[in-house]
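*Asks:* Pasting query.cif here (mmCIF, C-alpha atoms and all ligand atoms):
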```cif
data_target
#
loop_
_atom_site.label_atom_id
_atom_site.label_comp_id
_atom_site.auth_asym_id
_atom_site.auth_seq_id
_atom_site.Cartn_x
_atom_site.Cartn_y
_atom_site.Cartn_z
CA MET Z 872 -16.19 -16.99 3.83
CA VAL Z 873 -18.67 -14.87 5.81
CA LEU Z 874 -18.09 -12.60 8.80
CA ASN Z 875 -21.26 -12.81 10.88
CA ARG Z 876 -19.99 -10.72 13.75
CA PRO Z 877 -16.65 -9.05 14.59
CA ARG Z 878 -14.25 -11.04 16.75
CA GLN Z 879 -15.59 -14.35 15.39
CA PRO Z 880 -13.92 -16.59 12.80
CA LEU Z 881 -15.23 -16.37 9.25
CA GLN Z 882 -17.69 -19.08 8.32
CA LEU Z 883 -17.57 -21.11 5.09
CA ARG Z 884 -21.04 -21.24 3.64
CA ASP Z 885 -23.12 -21.09 0.48
CA VAL Z 886 -24.72 -17.78 -0.38
CA PRO Z 887 -27.02 -17.01 -3.33
CA LYS Z 888 -25.21 -16.15 -6.56
CA LEU Z 889 -25.73 -12.49 -7.38
CA LYS Z 890 -27.15 -10.88 -10.49
CA PRO Z 891 -25.26 -7.83 -11.74
CA GLY Z 892 -27.42 -4.71 -11.59
CA ARG Z 893 -27.19 -1.56 -13.66
CA GLY Z 894 -23.58 -0.79 -14.51
CA GLN Z 895 -22.28 -3.78 -12.56
CA LEU Z 896 -20.07 -6.71 -13.44
CA LEU Z 897 -20.50 -10.22 -12.09
CA VAL Z 898 -16.93 -11.37 -11.50
CA ARG Z 899 -15.63 -14.89 -10.96
CA VAL Z 900 -12.91 -14.34 -8.37
CA ARG Z 901 -9.49 -15.83 -9.12
CA THR Z 902 -7.46 -14.34 -6.25
CA CYS Z 903 -8.04 -11.93 -3.37
CA ALA Z 904 -5.20 -10.51 -1.29
CA VAL Z 905 -5.60 -10.07 2.46
CA CYS Z 906 -5.14 -6.53 3.80
CA ARG Z 907 -4.52 -5.31 7.34
CA THR Z 908 -7.85 -3.51 7.03
CA ASP Z 909 -9.55 -6.93 6.83
CA LEU Z 910 -8.01 -7.67 10.23
CA HIS Z 911 -9.21 -4.34 11.63
CA VAL Z 912 -12.77 -5.21 10.47
CA VAL Z 913 -12.65 -8.75 11.91
CA ASP Z 914 -11.21 -7.43 15.18
CA GLY Z 915 -13.97 -4.82 15.52
CA GLU Z 916 -11.61 -1.85 15.20
CA LEU Z 917 -13.58 -0.20 12.37
CA PRO Z 918 -17.13 1.04 13.00
CA ASP Z 919 -20.32 -0.20 11.33
CA PRO Z 920 -19.32 -2.85 8.80
CA LYS Z 921 -22.12 -4.40 6.73
CA LEU Z 922 -23.12 -7.60 8.54
CA PRO Z 923 -23.02 -10.37 7.60
CA LEU Z 924 -20.08 -9.38 5.43
CA ILE Z 925 -17.85 -10.93 2.80
CA LEU Z 926 -14.42 -9.34 3.32
CA GLY Z 927 -11.77 -8.64 0.69
CA HIS Z 928 -10.91 -5.59 -1.41
CA GLN Z 929 -7.90 -6.66 -3.47
CA ILE Z 930 -9.84 -8.79 -5.93
CA VAL Z 931 -8.67 -10.20 -9.23
CA GLY Z 932 -11.17 -12.05 -11.40
CA ARG Z 933 -12.74 -12.55 -14.78
CA VAL Z 934 -15.93 -10.89 -15.98
CA GLU Z 935 -18.63 -13.56 -16.06
CA GLU Z 936 -21.69 -11.44 -16.77
CA ILE Z 937 -22.38 -7.77 -17.48
CA GLY Z 938 -25.37 -5.94 -16.07
CA GLU Z 939 -27.79 -4.26 -18.42
CA GLU Z 940 -27.41 -0.60 -19.20
CA MET Z 941 -23.76 0.18 -18.56
CA TRP Z 942 -22.96 3.75 -17.63
CA GLU Z 943 -21.61 5.89 -20.41
CA GLY Z 944 -17.91 6.74 -20.06
CA PRO Z 945 -17.32 10.49 -20.26
CA GLY Z 946 -20.14 12.62 -18.98
CA CYS Z 947 -21.50 10.11 -16.50
CA PRO Z 948 -22.00 11.72 -13.10
CA ASP Z 949 -18.63 10.65 -11.77
CA SER Z 950 -16.41 9.71 -14.63
CA ARG Z 951 -12.79 9.22 -13.73
CA GLY Z 952 -11.42 12.73 -13.79
CA THR Z 953 -8.58 11.97 -16.15
CA LYS Z 954 -10.03 9.18 -18.22
CA ALA Z 955 -13.37 7.73 -19.25
CA ALA Z 956 -14.68 4.80 -17.24
CA PRO Z 957 -13.06 1.56 -18.39
CA THR Z 958 -15.11 -0.81 -20.49
CA PHE Z 959 -15.14 -4.56 -19.97
CA ALA Z 960 -16.15 -7.58 -22.03
CA ILE Z 961 -17.08 -11.05 -20.84
CA GLY Z 962 -13.87 -12.94 -19.93
CA ASP Z 963 -11.77 -9.79 -19.32
CA ARG Z 964 -9.48 -9.74 -16.31
CA VAL Z 965 -10.61 -7.14 -13.80
CA GLY Z 966 -9.21 -5.67 -10.57
CA ILE Z 967 -11.63 -4.54 -7.85
CA PRO Z 968 -10.28 -2.14 -5.18
CA TRP Z 969 -11.42 -0.72 -1.84
CA LEU Z 970 -13.35 2.24 -3.30
CA GLY Z 971 -16.52 0.56 -4.57
CA TRP Z 972 -18.93 3.43 -5.18
CA THR Z 973 -19.29 7.20 -4.72
CA ASP Z 974 -22.27 9.51 -5.22
CA GLY Z 975 -20.44 11.75 -7.71
CA ASP Z 976 -22.40 14.64 -6.35
CA CYS Z 977 -21.13 15.77 -2.94
CA ALA Z 978 -18.69 18.66 -2.45
CA TYR Z 979 -15.76 16.21 -2.26
CA CYS Z 980 -16.64 14.32 -5.45
CA ARG Z 981 -17.17 17.59 -7.28
CA SER Z 982 -13.72 18.82 -6.28
CA GLY Z 983 -11.80 15.73 -7.43
CA ARG Z 984 -11.65 14.19 -3.95
CA GLU Z 985 -13.92 11.19 -4.36
CA ASN Z 986 -11.77 9.36 -1.79
CA LEU Z 987 -13.49 11.59 0.81
CA CYS Z 988 -17.04 11.18 -0.59
CA ASP Z 989 -19.71 11.58 2.11
CA ASN Z 990 -21.59 8.54 0.82
CA ALA Z 991 -18.77 6.33 -0.43
CA ARG Z 992 -19.13 2.56 -0.23
CA PHE Z 993 -16.16 0.31 0.36
CA THR Z 994 -15.52 -3.17 -0.98
CA GLY Z 995 -15.30 -5.81 1.73
CA TYR Z 996 -16.50 -3.34 4.39
CA THR Z 997 -19.81 -1.67 3.51
CA ILE Z 998 -20.41 -3.84 0.41
CA ASP Z 999 -19.51 -7.50 -0.05
CA GLY Z 1000 -16.02 -8.25 -1.32
CA GLY Z 1001 -13.82 -11.01 -2.67
CA TYR Z 1002 -13.55 -13.78 -0.05
CA ALA Z 1003 -16.07 -15.62 -2.26
CA ASP Z 1004 -16.23 -17.42 -5.61
CA PHE Z 1005 -18.23 -14.58 -7.14
CA THR Z 1006 -18.69 -10.89 -6.47
CA VAL Z 1007 -20.42 -7.98 -8.17
CA ALA Z 1008 -18.76 -4.60 -8.65
CA ASP Z 1009 -19.64 -1.27 -10.24
CA ALA Z 1010 -17.61 -1.32 -13.47
CA ARG Z 1011 -16.72 2.37 -13.15
CA TYR Z 1012 -14.56 1.66 -10.08
CA CYS Z 1013 -12.77 -1.38 -11.51
CA PHE Z 1014 -9.38 -1.50 -13.19
CA HIS Z 1015 -7.79 -3.28 -16.11
CA LEU Z 1016 -4.59 -4.80 -14.72
CA PRO Z 1017 -1.10 -4.77 -16.30
CA ASP Z 1018 -0.40 -7.94 -18.31
CA ARG Z 1019 3.05 -8.49 -16.85
CA TYR Z 1020 1.58 -9.72 -13.56
CA ASP Z 1021 -0.26 -13.00 -13.00
CA ASP Z 1022 -3.41 -13.19 -10.87
CA VAL Z 1023 -1.52 -13.88 -7.62
CA GLU Z 1024 1.26 -11.31 -8.12
CA VAL Z 1025 -1.06 -8.46 -9.00
CA ALA Z 1026 -3.55 -8.84 -6.12
CA PRO Z 1027 -1.49 -7.00 -3.44
CA LEU Z 1028 -1.14 -4.02 -5.76
CA LEU Z 1029 -4.86 -3.32 -5.45
CA CYS Z 1030 -4.62 -1.91 -1.92
CA ALA Z 1031 -1.16 -2.12 -0.39
CA GLY Z 1032 0.16 -0.78 -3.69
CA LEU Z 1033 -2.55 1.69 -4.49
CA ILE Z 1034 -3.14 3.33 -1.12
CA GLY Z 1035 0.59 3.16 -0.48
CA TYR Z 1036 1.03 5.09 -3.70
CA ARG Z 1037 -1.41 7.76 -2.55
CA SER Z 1038 0.63 8.08 0.67
CA TYR Z 1039 3.82 8.34 -1.34
CA ARG Z 1040 2.41 11.06 -3.63
CA LYS Z 1041 1.55 13.12 -0.52
CA THR Z 1042 5.29 13.39 0.17
CA GLY Z 1043 5.65 15.59 -2.92
CA ASP Z 1044 9.19 15.71 -4.24
CA ALA Z 1045 10.84 14.88 -0.91
CA ARG Z 1046 14.41 13.78 -1.57
CA ARG Z 1047 15.03 12.06 1.77
CA LEU Z 1048 12.07 9.81 2.50
CA GLY Z 1049 11.57 7.86 5.73
CA ILE Z 1050 9.28 4.84 5.96
CA TYR Z 1051 8.12 3.60 9.37
CA GLY Z 1052 6.97 -0.03 9.33
CA PHE Z 1053 8.43 -2.06 6.51
CA GLY Z 1054 5.51 -4.36 5.72
CA ASN Z 1055 3.76 -5.04 2.44
CA ALA Z 1056 2.72 -1.51 1.47
CA ALA Z 1057 6.15 -0.15 2.41
CA HIS Z 1058 7.94 -2.79 0.39
CA LEU Z 1059 5.93 -1.88 -2.74
CA ILE Z 1060 6.27 1.88 -2.32
CA ALA Z 1061 9.98 1.67 -1.53
CA GLN Z 1062 10.54 0.23 -5.01
CA ILE Z 1063 8.83 3.21 -6.64
CA ALA Z 1064 10.72 5.67 -4.41
CA LEU Z 1065 14.05 4.11 -5.39
CA TYR Z 1066 13.02 4.09 -9.06
CA GLU Z 1067 12.38 7.83 -8.71
CA ARG Z 1068 15.81 8.23 -7.09
CA ARG Z 1069 14.67 9.16 -3.58
CA GLU Z 1070 17.03 8.46 -0.68
CA LEU Z 1071 15.24 5.89 1.42
CA PHE Z 1072 15.42 5.63 5.23
CA VAL Z 1073 13.65 2.61 6.72
CA PHE Z 1074 12.52 2.29 10.36
CA THR Z 1075 11.57 -1.08 11.81
CA ARG Z 1076 10.70 -2.41 15.25
CA PRO Z 1077 13.78 -1.83 17.44
CA GLY Z 1078 16.07 -4.84 17.09
CA ASP Z 1079 14.53 -6.22 13.88
CA THR Z 1080 17.88 -6.43 12.14
CA GLU Z 1081 16.56 -8.97 9.62
CA THR Z 1082 14.08 -6.47 8.16
CA GLN Z 1083 16.72 -3.71 8.34
CA GLN Z 1084 19.09 -5.87 6.30
CA ALA Z 1085 16.33 -6.59 3.77
CA ALA Z 1086 15.65 -2.85 3.41
CA LYS Z 1087 19.34 -2.10 2.82
CA LYS Z 1088 19.54 -4.91 0.30
CA LEU Z 1089 16.62 -3.34 -1.56
CA GLY Z 1090 18.53 -0.04 -1.70
CA ALA Z 1091 17.76 1.96 1.47
CA VAL Z 1092 20.64 4.31 2.39
CA TRP Z 1093 19.86 3.84 6.09
CA ALA Z 1094 17.84 1.35 8.12
CA GLY Z 1095 17.39 1.23 11.87
CA GLY Z 1096 14.94 0.96 14.74
CA SER Z 1097 12.01 3.36 15.11
CA ASP Z 1098 13.66 4.53 18.37
CA GLU Z 1099 16.72 5.74 16.44
CA MET Z 1100 17.34 9.03 14.65
CA PRO Z 1101 18.27 8.72 10.97
CA SER Z 1102 21.73 9.78 9.76
CA GLU Z 1103 20.17 12.83 8.03
CA LYS Z 1104 17.02 14.90 8.61
CA LEU Z 1105 14.11 13.70 6.45
CA ASP Z 1106 12.04 15.74 4.01
CA ALA Z 1107 9.09 13.40 4.52
CA ALA Z 1108 8.09 10.26 6.37
CA ILE Z 1109 5.31 7.76 5.73
CA ILE Z 1110 4.00 5.72 8.66
CA PHE Z 1111 2.56 2.37 7.63
CA ALA Z 1112 2.57 0.82 11.11
CA SER Z 1113 -0.64 1.37 13.12
CA VAL Z 1114 1.30 2.71 16.13
CA GLY Z 1115 0.40 6.30 17.13
CA ALA Z 1116 3.66 6.81 19.05
CA LEU Z 1117 5.48 6.79 15.72
CA VAL Z 1118 3.92 10.15 14.78
CA PRO Z 1119 5.94 12.28 17.26
CA ALA Z 1120 8.97 10.04 16.60
CA ALA Z 1121 8.75 10.72 12.86
CA LEU Z 1122 8.16 14.46 13.45
CA ARG Z 1123 11.44 14.69 15.37
CA ALA Z 1124 13.26 13.14 12.40
CA LEU Z 1125 11.97 15.79 9.95
CA ALA Z 1126 13.77 18.75 8.47
CA LYS Z 1127 11.94 22.12 8.47
CA GLY Z 1128 8.83 22.07 6.29
CA GLY Z 1129 8.75 18.26 6.28
CA VAL Z 1130 5.61 16.15 6.25
CA VAL Z 1131 4.52 13.03 8.15
CA VAL Z 1132 1.95 10.97 6.21
CA CYS Z 1133 -0.08 8.40 8.14
CA GLY Z 1134 -0.93 5.70 5.60
CA GLY Z 1135 -3.22 3.45 7.64
CA ILE Z 1136 -6.98 3.41 8.25
CA HIS Z 1137 -6.53 2.77 11.96
CA MET Z 1138 -3.90 3.86 14.45
CA THR Z 1139 -3.49 3.72 18.22
CA ASP Z 1140 -3.72 7.11 20.00
CA ILE Z 1141 -0.95 9.60 19.33
CA PRO Z 1142 0.91 10.70 22.49
CA SER Z 1143 1.28 14.44 23.10
CA PHE Z 1144 4.48 16.15 22.03
CA PRO Z 1145 6.06 19.63 22.33
CA TYR Z 1146 4.82 22.22 19.83
CA ALA Z 1147 8.45 22.88 18.95
CA ASP Z 1148 8.50 19.52 17.14
CA LEU Z 1149 5.72 20.68 14.80
CA TRP Z 1150 6.86 24.28 14.42
CA GLU Z 1151 8.80 25.46 11.34
CA GLU Z 1152 5.99 24.36 9.05
CA ARG Z 1153 6.12 20.66 9.65
CA VAL Z 1154 2.89 18.93 8.66
CA ILE Z 1155 1.03 15.82 9.82
CA THR Z 1156 -1.54 14.38 7.44
CA SER Z 1157 -3.34 11.13 6.79
CA VAL Z 1158 -4.44 9.28 3.68
CA ALA Z 1159 -7.98 8.07 3.31
CA ASN Z 1160 -9.03 5.57 0.64
CA LEU Z 1161 -8.12 6.18 -3.00
CA THR Z 1162 -9.38 7.93 -6.08
CA ARG Z 1163 -9.68 6.13 -9.41
CA ARG Z 1164 -7.08 8.53 -10.71
CA ASP Z 1165 -4.58 7.20 -8.13
CA GLY Z 1166 -5.26 3.72 -9.48
CA ASP Z 1167 -4.82 4.72 -13.12
CA GLU Z 1168 -1.48 6.39 -12.27
CA PHE Z 1169 -0.27 3.53 -10.11
CA PHE Z 1170 -1.07 0.81 -12.65
CA GLU Z 1171 0.79 2.88 -15.23
CA ILE Z 1172 3.99 3.22 -13.19
CA ALA Z 1173 4.03 -0.18 -11.37
CA PRO Z 1174 4.93 -2.34 -14.40
CA ARG Z 1175 7.59 0.18 -15.51
CA VAL Z 1176 9.56 -0.01 -12.23
CA PRO Z 1177 8.66 -2.96 -12.17
CA VAL Z 1178 7.16 -3.22 -8.68
CA ARG Z 1179 7.53 -6.80 -7.45
CA THR Z 1180 5.19 -8.30 -4.87
CA ARG Z 1181 5.88 -11.04 -2.35
CA THR Z 1182 2.99 -13.41 -1.82
CA GLU Z 1183 2.00 -16.49 0.13
CA THR Z 1184 -1.13 -18.30 -1.11
CA PHE Z 1185 -3.94 -19.87 0.90
CA PRO Z 1186 -7.03 -21.64 -0.46
CA LEU Z 1187 -10.23 -19.68 0.28
CA ASP Z 1188 -11.34 -22.05 3.06
CA GLN Z 1189 -8.07 -21.27 4.88
CA ALA Z 1190 -8.90 -17.55 5.16
CA ASN Z 1191 -9.08 -17.74 8.97
CA THR Z 1192 -5.59 -19.24 9.07
CA ALA Z 1193 -4.30 -16.45 6.85
CA LEU Z 1194 -5.89 -13.80 9.11
CA ASP Z 1195 -4.60 -15.44 12.30
CA ARG Z 1196 -1.07 -15.65 10.93
CA PHE Z 1197 -1.27 -12.02 9.78
CA ARG Z 1198 -2.42 -10.90 13.24
CA ALA Z 1199 0.38 -12.87 14.90
CA GLY Z 1200 3.02 -11.37 12.57
CA LYS Z 1201 3.76 -14.83 11.19
CA LEU Z 1202 3.38 -14.03 7.49
CA SER Z 1203 6.54 -13.32 5.57
CA ALA Z 1204 4.64 -12.01 2.54
CA THR Z 1205 1.17 -10.81 1.51
CA ALA Z 1206 -1.43 -13.54 1.97
CA VAL Z 1207 -3.38 -14.15 -1.22
CA LEU Z 1208 -6.50 -16.32 -1.26
CA THR Z 1209 -6.84 -18.61 -4.25
CA PHE Z 1210 -9.86 -20.38 -5.71
CA SER Z 1211 -9.97 -23.90 -7.01
CA LYS Z 1212 -12.64 -23.58 -9.72
ZN ZN Z 1301 -19.42 12.13 -3.12
ZN ZN Z 1302 -6.58 -2.59 2.07
#
```
For this file, produce the structure as structure tokens.
*Replies:*
Amino acid sequence: MVLNRPRQPLQLRDVPKLKPGRGQLLVRVRTCAVCRTDLHVVDGELPDPKLPLILGHQIVGRVEEIGEEMWEGPGCPDSRGTKAAPTFAIGDRVGIPWLGWTDGDCAYCRSGRENLCDNARFTGYTIDGGYADFTVADARYCFHLPDRYDDVEVAPLLCAGLIGYRSYRKTGDARRLGIYGFGNAAHLIAQIALYERRELFVFTRPGDTETQQAAKKLGAVWAGGSDEMPSEKLDAAIIFASVGALVPAALRALAKGGVVVCGGIHMTDIPSFPYADLWEERVITSVANLTRRDGDEFFEIAPRVPVRTRTETFPLDQANTALDRFRAGKLSATAVLTFSK
């Protein structure tokens, strides 16, 4: 399914099968979850995508072919920080995330912040992704996936889970944690927060009592509209909705020294607000991309919780339907594309 130009439907067509290059895996795709970022790319809200482009950065597949000359694990220019690069054999299950390649050499990579790499390449954005029967990926950025999940269940963990986890870690040891926008990423991260005994406060669209009930059922101590103040001041808040007006709203709900973490890649403009709302060492930050270390940590903790995903499957050729329903807010779970072969 190919995006020729933003704001056009994807087109089903045959493309040449790729050969894996140095250090790359050729992967037969089994599932690929749909992320809000895919929508932002299709809708032209993110600058300079590769065109034509194959979207998709939550890819689960099997290794079909391995490129010659794999990189060595430890000692290669950008080995994982905590661990050696993973090794793969033909037939292994593999997870391919958003971060597809970094230079290993810029000031950010050298200081353990490869998520900010000046020359990073991103799966399904600046390199082709998983809305296709086959894809190639640099093995060093791929993950082995926990056995307890099947190919459909595990797909949403590769972005909603992983980048959500990075947002969650930015809240430090906050005891009272607010989450604005209770979509897919929030639902996954809430499970980890509860597992780690945080008090969870969930904010939805005003009047969305159904989602508020679901959040309470999951274990939130408070759930209400984003126009309401929580019952207690928060130590941290994560904003998963792409609505800039939530930033000053979340700031007002914080205790002194609290942090607001913006978890999305795109947000509408943030309205101005009085300095008094930021004073007393409150912080606003964002999360960009992921490091491989985030992924290693997340895939270690997720099966222990265990984090459960909610999915709704679509065959690959129904990708436009999945995107349209996502845009219209008509999905009740994460859309996952499936492949017949
Ligand atoms: Zn770099
Ligand atoms: Zn994503």
*Asks:* Using 7 Å as the limit and counting only C-alpha atoms and all ligand atoms, can you tabulate each residue of chain Z that touches ligand ZN 1301 (chain Z), with its shortest atom-to-atom distance in Å and the two atoms involved, as CSV?
*Replies:*
```
residue,atom,partner,partner_atom,distance
Z:Thr973,CA,Z:ZN1301,ZN,5.2
Z:Asp974,CA,Z:ZN1301,ZN,4.4
Z:Gly975,CA,Z:ZN1301,ZN,4.7
Z:Asp976,CA,Z:ZN1301,ZN,5.1
Z:Cys977,CA,Z:ZN1301,ZN,4.0
Z:Ala978,CA,Z:ZN1301,ZN,6.6
Z:Tyr979,CA,Z:ZN1301,ZN,5.5
Z:Cys980,CA,Z:ZN1301,ZN,4.2
Z:Glu985,CA,Z:ZN1301,ZN,5.7
Z:Cys988,CA,Z:ZN1301,ZN,3.6
Z:Asp989,CA,Z:ZN1301,ZN,5.3
Z:Asn990,CA,Z:ZN1301,ZN,5.8
Z:Ala991,CA,Z:ZN1301,ZN,6.4
```
*Asks:* So which residues are near ligand ZN 1302 (chain Z), meaning at most 9 Å away with all atoms listed in the file counted, given back as a ChimeraX atom specification?
*Replies:* /Z:904-909,927-929,968-969,1027,1029-1031,1033-1034,1135-1136,1160
*Asks:* With distances taken over only C-alpha atoms, which residue among Z:Arg1076, Z:Arg1068, Z:Arg1123, Z:Arg893 lies nearest Gly1090 (chain Z)?
*Replies:*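 Closest candidate: Z:Arg1068.
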*Asks:* Mind giving me the straight-line distance from CA of Thr1180 (chain Z) to CA of Arg933 (chain Z) in Å, one decimal?
*Replies:*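 Rounded to one decimal, the two atoms are 20.9 Å apart.
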*Asks:* Go through Z:Arg1019, Z:Arg1198, Z:Arg1046, Z:Arg964 and flag the residue nearest Val1178 (chain Z), using only C-alpha atoms for the distances.
*Replies:* Z:Arg1019
*Asks:* Would you be able to write out as a PyMOL selection string which residues have an atom within 12 Å of (6.7, 16.0, 3.7) in the file's coordinates, counting all atoms listed in the file?
*Replies:* chain Z and resi 1038-1050+1104-1110+1121-1122+1124-1133+1152-1157
*Asks:* Go through Z:Ala1116, Z:Val1092, Z:Val1007, Z:Leu970 and flag the residue nearest Thr1162 (chain Z), using all atoms listed in the file for the distances.
*Replies:*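 Smallest distance to Thr1162 (chain Z) is found for Z:Leu970.
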*Asks:* Name the residues in contact with Asp1165 (chain Z) at a cut-off of 7 Å, using all atoms listed in the file, excluding same-chain residues fewer than 4 positions from it; report them as a ChimeraX atom specification.
*Replies:* /Z:1033,1037,1161,1169
*Asks:* Find the distance between CA of Ala1086 (chain Z) and CA of Pro1101 (chain Z) and write it in Å to one decimal.
*Replies:*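 These two atoms are separated by 14.1 Å.
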*Asks:* For His1058 (chain Z), which of Z:Asn986, Z:Thr1182, Z:Asn1191, Z:Gln879 is the closest residue, counting only C-alpha atoms?
*Replies:*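 Selected residue with least distance to His1058 (chain Z): Z:Thr1182.
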*Asks:* Here is a test: counting all atoms listed in the file, which residue of Z:Glu1183, Z:Val913, Z:Thr1192, Z:Arg981 is nearest to Arg878 (chain Z)?
*Replies:*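 Closest residue, counting all atoms listed in the file: Z:Val913.
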*Asks:* For a test of reading the model, state the distance in Å between CA of Lys888 (chain Z) and CA of Phe1005 (chain Z), rounded to one decimal.
*Replies:*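 According to the coordinates, CA of Lys888 (chain Z) and CA of Phe1005 (chain Z) are separated by 7.2 Å.
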*Asks:* For a quick check of your reading of the model, name the residues lying within 10 Å of the coordinate (4.7, 16.8, 19.9), counting only C-alpha atoms, and write them as a PyMOL selection string.
*Replies:* chain Z and resi 1118-1120+1122-1123+1141-1150
*Asks:* Ranking Z:Thr1082, Z:Thr1006, Z:Ser1211, Z:Ser1102 by minimum distance to Gly892 (chain Z) and counting only C-alpha atoms, which one comes first?
*Replies:*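 Of all the options, Z:Thr1006 lies closest to Gly892 (chain Z).
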